[in-house]
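**Student:** Got a structure for you, questions after.
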Amino acid sequence: DDASGVAGLTEVIRVMMASNYLPKRNIRFIAYAAEEVGLWGSQAVVAQQAARRDKVVGVMQLDMTAFQGDSTDIWIYTDYTNAAQNGFIANLVGAYLPGYSVGYDACGYGCSDHASWHNKGFIASFPFEASDATYNFQLHTANDTVATFGGTANHALKFTKLALAWLVEL
């Protein structure tokens, strides 16, 4: 279910390298495994990070970005996330993605890897493809194919653009 997020991060890396972008801070791109069995991958990465001396100024979790469940473009989940960074992300949508709409929702539990970061006190956000009521119900089934999200990456591209703006502005 995170393939669209990983594809978006790969595109962000490609764009940054093609433009010879030199960030003022270190940027880490992380893909996790074992989310569905208890966030094991992200918990391991977070535990390693907690032991490091470098400071994390923000975490953006991109998990599932290709399926558009309704007319809202980007849903920002408010539980297990940081309210100030969520506001920053909403402002970035207004500044860099004019015409895109933002909605707010909550999943009611630590539904993705952002929760591992949040639970250890890191600033994390979770912009998502759909609301909790309209997400891809074919998730984790044999029916979850490219056809499920219309055969294009148009919706996922919104999150790729958002991630790029977030990285540069943060």
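We name chains A, B, ... following the order of the structure tokens; residues begin at 1 in each chain, and ligands are numbered from 1 as shown.
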Going by DSSP on the backbone, which bits of stretch 47-108 of chain A are alpha helix (DSSP H)? Write them as a list in words, please.
**Tutor:**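 Answer for stretch 47-108 of chain A restricted to alpha helix (DSSP H) is Ala47, Gln48, Gln49, Ala50, Ala83, Ala84, Gln85, Asn86, Gly87, Phe88, Ile89, Ala90, Asn91, Leu92, Val93, Gly94, Ala95 and Tyr96 of chain A.
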**Student:** Please return, as a list in words, all residues of chain A that DSSP assigns to strand (DSSP E) on the basis of the backbone.
**Tutor:** Val59, Met60, Ile74, Trp75, Ile76, Tyr77, Val102, Gly103, Tyr104, Asp105, Ala124, Ser125, Pro127 and Phe128 of chain A
**Student:** At a cut-off of 10 Å, using only C-alpha atoms, what residues contact A:Val57? Leave out same-chain residues fewer than 6 positions from it and give the result as a list in words.
**Tutor:**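 Contacts, in chain order: Arg25, Gln85, Phe122, Ile123, Ala124 and Leu170 of chain A.
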**Student:** How about saving the chosen residues, N, CA, C and O atoms kept, as a PDB file, in the first residue's frame?
**Tutor:**
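In the end it all went to result_35.pdb:
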```pdb
ATOM      1  N   ARG A  25      19.940  21.412   5.412  1.00  0.00           N
ATOM      2  CA  ARG A  25      19.922  20.344   6.417  1.00  0.00           C
ATOM      3  C   ARG A  25      20.004  19.001   5.700  1.00  0.00           C
ATOM      4  O   ARG A  25      19.688  18.898   4.519  1.00  0.00           O
ATOM      5  N   GLN A  85       2.843  21.490  12.459  1.00  0.00           N
ATOM      6  CA  GLN A  85       3.346  21.057  11.157  1.00  0.00           C
ATOM      7  C   GLN A  85       2.185  20.783  10.194  1.00  0.00           C
ATOM      8  O   GLN A  85       2.285  21.057   9.000  1.00  0.00           O
ATOM      9  N   PHE A 122       8.567  12.989  18.153  1.00  0.00           N
ATOM     10  CA  PHE A 122       9.026  13.673  16.951  1.00  0.00           C
ATOM     11  C   PHE A 122       7.853  14.390  16.275  1.00  0.00           C
ATOM     12  O   PHE A 122       6.706  13.979  16.387  1.00  0.00           O
ATOM     13  N   ILE A 123       8.165  15.454  15.556  1.00  0.00           N
ATOM     14  CA  ILE A 123       7.165  16.219  14.816  1.00  0.00           C
ATOM     15  C   ILE A 123       6.857  15.452  13.532  1.00  0.00           C
ATOM     16  O   ILE A 123       7.717  15.315  12.666  1.00  0.00           O
ATOM     17  N   ALA A 124       5.633  14.963  13.424  1.00  0.00           N
ATOM     18  CA  ALA A 124       5.261  14.141  12.265  1.00  0.00           C
ATOM     19  C   ALA A 124       3.911  14.575  11.715  1.00  0.00           C
ATOM     20  O   ALA A 124       3.050  15.060  12.456  1.00  0.00           O
ATOM     21  N   LEU A 170      10.993  23.503   4.652  1.00  0.00           N
ATOM     22  CA  LEU A 170      11.327  23.132   6.026  1.00  0.00           C
ATOM     23  C   LEU A 170      12.813  23.314   6.274  1.00  0.00           C
ATOM     24  O   LEU A 170      13.246  23.699   7.313  1.00  0.00           O
TER      25      LEU A 170
END
```
**Student:** Quick one: residues within 7 Å of stretch 99-115 of chain A, only C-alpha atoms, excluding same-chain residues fewer than 6 positions away - as a ChimeraX atom specification?
**Tutor:** /A:35,39,42,61,72-80,90,93,124-126,131-132
**Student:** So that I have them on file, write out the residues from the current selection with N, CA and C atoms, as an mmCIF file, in the first residue's frame.
**Tutor:**
```
data_model
loop_
_atom_site.group_PDB
_atom_site.id
_atom_site.type_symbol
_atom_site.label_atom_id
_atom_site.label_comp_id
_atom_site.auth_asym_id
_atom_site.auth_seq_id
_atom_site.Cartn_x
_atom_site.Cartn_y
_atom_site.Cartn_z
ATOM 1 N N GLU A 35 4.607 -2.617 8.343
ATOM 2 C CA GLU A 35 3.639 -1.684 8.921
ATOM 3 C C GLU A 35 2.412 -2.434 9.435
ATOM 4 N N LEU A 39 3.705 -1.791 12.863
ATOM 5 C CA LEU A 39 4.637 -0.681 12.620
ATOM 6 C C LEU A 39 6.078 -1.048 12.970
ATOM 7 N N SER A 42 9.037 1.017 11.074
ATOM 8 C CA SER A 42 9.187 2.406 11.508
ATOM 9 C C SER A 42 9.599 2.486 12.974
ATOM 10 N N GLN A 61 4.974 11.517 6.506
ATOM 11 C CA GLN A 61 4.668 10.138 6.138
ATOM 12 C C GLN A 61 3.790 10.126 4.901
ATOM 13 N N THR A 72 -11.889 15.931 -2.385
ATOM 14 C CA THR A 72 -10.816 16.596 -1.646
ATOM 15 C C THR A 72 -9.472 16.062 -2.145
ATOM 16 N N ASP A 73 -8.533 16.960 -2.372
ATOM 17 C CA ASP A 73 -7.243 16.558 -2.931
ATOM 18 C C ASP A 73 -6.303 15.941 -1.905
ATOM 19 N N ILE A 74 -6.151 16.594 -0.765
ATOM 20 C CA ILE A 74 -5.189 16.134 0.242
ATOM 21 C C ILE A 74 -5.872 16.142 1.605
ATOM 22 N N TRP A 75 -5.857 15.003 2.239
ATOM 23 C CA TRP A 75 -6.397 14.879 3.594
ATOM 24 C C TRP A 75 -5.234 14.901 4.578
ATOM 25 N N ILE A 76 -5.316 15.727 5.584
ATOM 26 C CA ILE A 76 -4.293 15.784 6.626
ATOM 27 C C ILE A 76 -4.878 15.133 7.870
ATOM 28 N N TYR A 77 -4.228 14.078 8.316
ATOM 29 C CA TYR A 77 -4.722 13.361 9.491
ATOM 30 C C TYR A 77 -4.219 14.051 10.754
ATOM 31 N N THR A 78 -5.128 14.232 11.701
ATOM 32 C CA THR A 78 -4.840 15.056 12.873
ATOM 33 C C THR A 78 -4.482 14.254 14.117
ATOM 34 N N ASP A 79 -4.674 12.939 14.081
ATOM 35 C CA ASP A 79 -4.277 12.166 15.253
ATOM 36 C C ASP A 79 -2.896 11.546 15.012
ATOM 37 N N TYR A 80 -2.127 11.468 16.079
ATOM 38 C CA TYR A 80 -0.748 10.972 16.026
ATOM 39 C C TYR A 80 0.106 11.839 15.109
ATOM 40 N N ALA A 90 -0.724 22.547 5.320
ATOM 41 C CA ALA A 90 -1.904 23.152 4.695
ATOM 42 C C ALA A 90 -1.542 24.479 4.028
ATOM 43 N N VAL A 93 0.166 23.843 0.743
ATOM 44 C CA VAL A 93 -0.798 23.516 -0.312
ATOM 45 C C VAL A 93 -1.339 24.805 -0.911
ATOM 46 N N ALA A 124 5.633 14.963 13.424
ATOM 47 C CA ALA A 124 5.261 14.141 12.265
ATOM 48 C C ALA A 124 3.911 14.575 11.715
ATOM 49 N N SER A 125 3.752 14.392 10.407
ATOM 50 C CA SER A 125 2.486 14.664 9.731
ATOM 51 C C SER A 125 2.172 13.531 8.768
ATOM 52 N N PHE A 126 0.889 13.424 8.449
ATOM 53 C CA PHE A 126 0.413 12.345 7.596
ATOM 54 C C PHE A 126 -0.604 12.879 6.598
ATOM 55 N N SER A 131 -10.169 10.376 2.851
ATOM 56 C CA SER A 131 -10.632 10.378 4.236
ATOM 57 C C SER A 131 -10.730 8.943 4.738
ATOM 58 N N ASP A 132 -10.900 8.797 6.026
ATOM 59 C CA ASP A 132 -11.037 7.457 6.603
ATOM 60 C C ASP A 132 -12.297 6.759 6.087
#
```
**Student:** Which polymer residues have any atom within 12 Å of an atom of A:Ala44, counting only C-alpha atoms, with same-chain residues fewer than 4 positions away left out, as a PyMOL selection string?
**Tutor:** chain A and resi 30-35+38-40+48-51+113+116-117+120
**Student:** To one decimal place, how far is atom CA of A:Glu11 from atom CA of A:Leu167 in Å?
**Tutor:** 13.0 Å
**Student:** Quick one: everything within 9 Å of A:Thr134, counting only C-alpha atoms, minus sequence neighbours fewer than 6 positions away in the same chain. Send it as a ChimeraX atom specification.
**Tutor:** /A:68-70
**Student:** Quick one: residues within 10 Å of A:Val146, only C-alpha atoms counted, chain neighbours fewer than 6 positions away excluded, as a list in words?
**Tutor:** Ala66, Phe67, Thr152 and Ala153 of chain A
**Student:** Write out, as a short mmCIF file (atom, residue, chain, number, x, y, z; two decimals), in the first residue's frame, the residues just selected, with all heavy atoms.
**Tutor:**
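Contents of selection-v9.cif, freshly written:
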```cif
data_model
loop_
_atom_site.label_atom_id
_atom_site.label_comp_id
_atom_site.auth_asym_id
_atom_site.auth_seq_id
_atom_site.Cartn_x
_atom_site.Cartn_y
_atom_site.Cartn_z
N ALA A 66 -2.18 7.49 -4.31
CA ALA A 66 -2.66 7.42 -5.69
C ALA A 66 -4.18 7.36 -5.83
O ALA A 66 -4.72 7.74 -6.86
CB ALA A 66 -2.05 6.22 -6.41
N PHE A 67 -4.89 6.91 -4.81
CA PHE A 67 -6.33 6.73 -4.89
C PHE A 67 -7.04 7.97 -4.36
O PHE A 67 -6.82 8.38 -3.23
CB PHE A 67 -6.75 5.51 -4.07
CG PHE A 67 -8.23 5.26 -4.02
CD1 PHE A 67 -8.86 4.60 -5.06
CD2 PHE A 67 -8.98 5.69 -2.95
CE1 PHE A 67 -10.24 4.36 -5.02
CE2 PHE A 67 -10.35 5.46 -2.89
CZ PHE A 67 -10.98 4.80 -3.94
N THR A 152 -3.73 6.18 -13.64
CA THR A 152 -2.79 7.29 -13.76
C THR A 152 -2.22 7.62 -12.39
O THR A 152 -2.78 7.24 -11.36
CB THR A 152 -3.45 8.57 -14.31
OG1 THR A 152 -4.26 9.16 -13.29
CG2 THR A 152 -4.27 8.30 -15.56
N ALA A 153 -1.16 8.38 -12.39
CA ALA A 153 -0.55 8.83 -11.13
C ALA A 153 -0.91 10.28 -10.82
O ALA A 153 -0.23 10.94 -10.04
CB ALA A 153 0.97 8.66 -11.21
#
```
**Student:** For a test of reading the model, state the distance in Å between atom CA of A:Thr65 and atom CA of A:Phe159, rounded to one decimal.
**Tutor:**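 Separation between atom CA of A:Thr65 and atom CA of A:Phe159: 6.5 Å.
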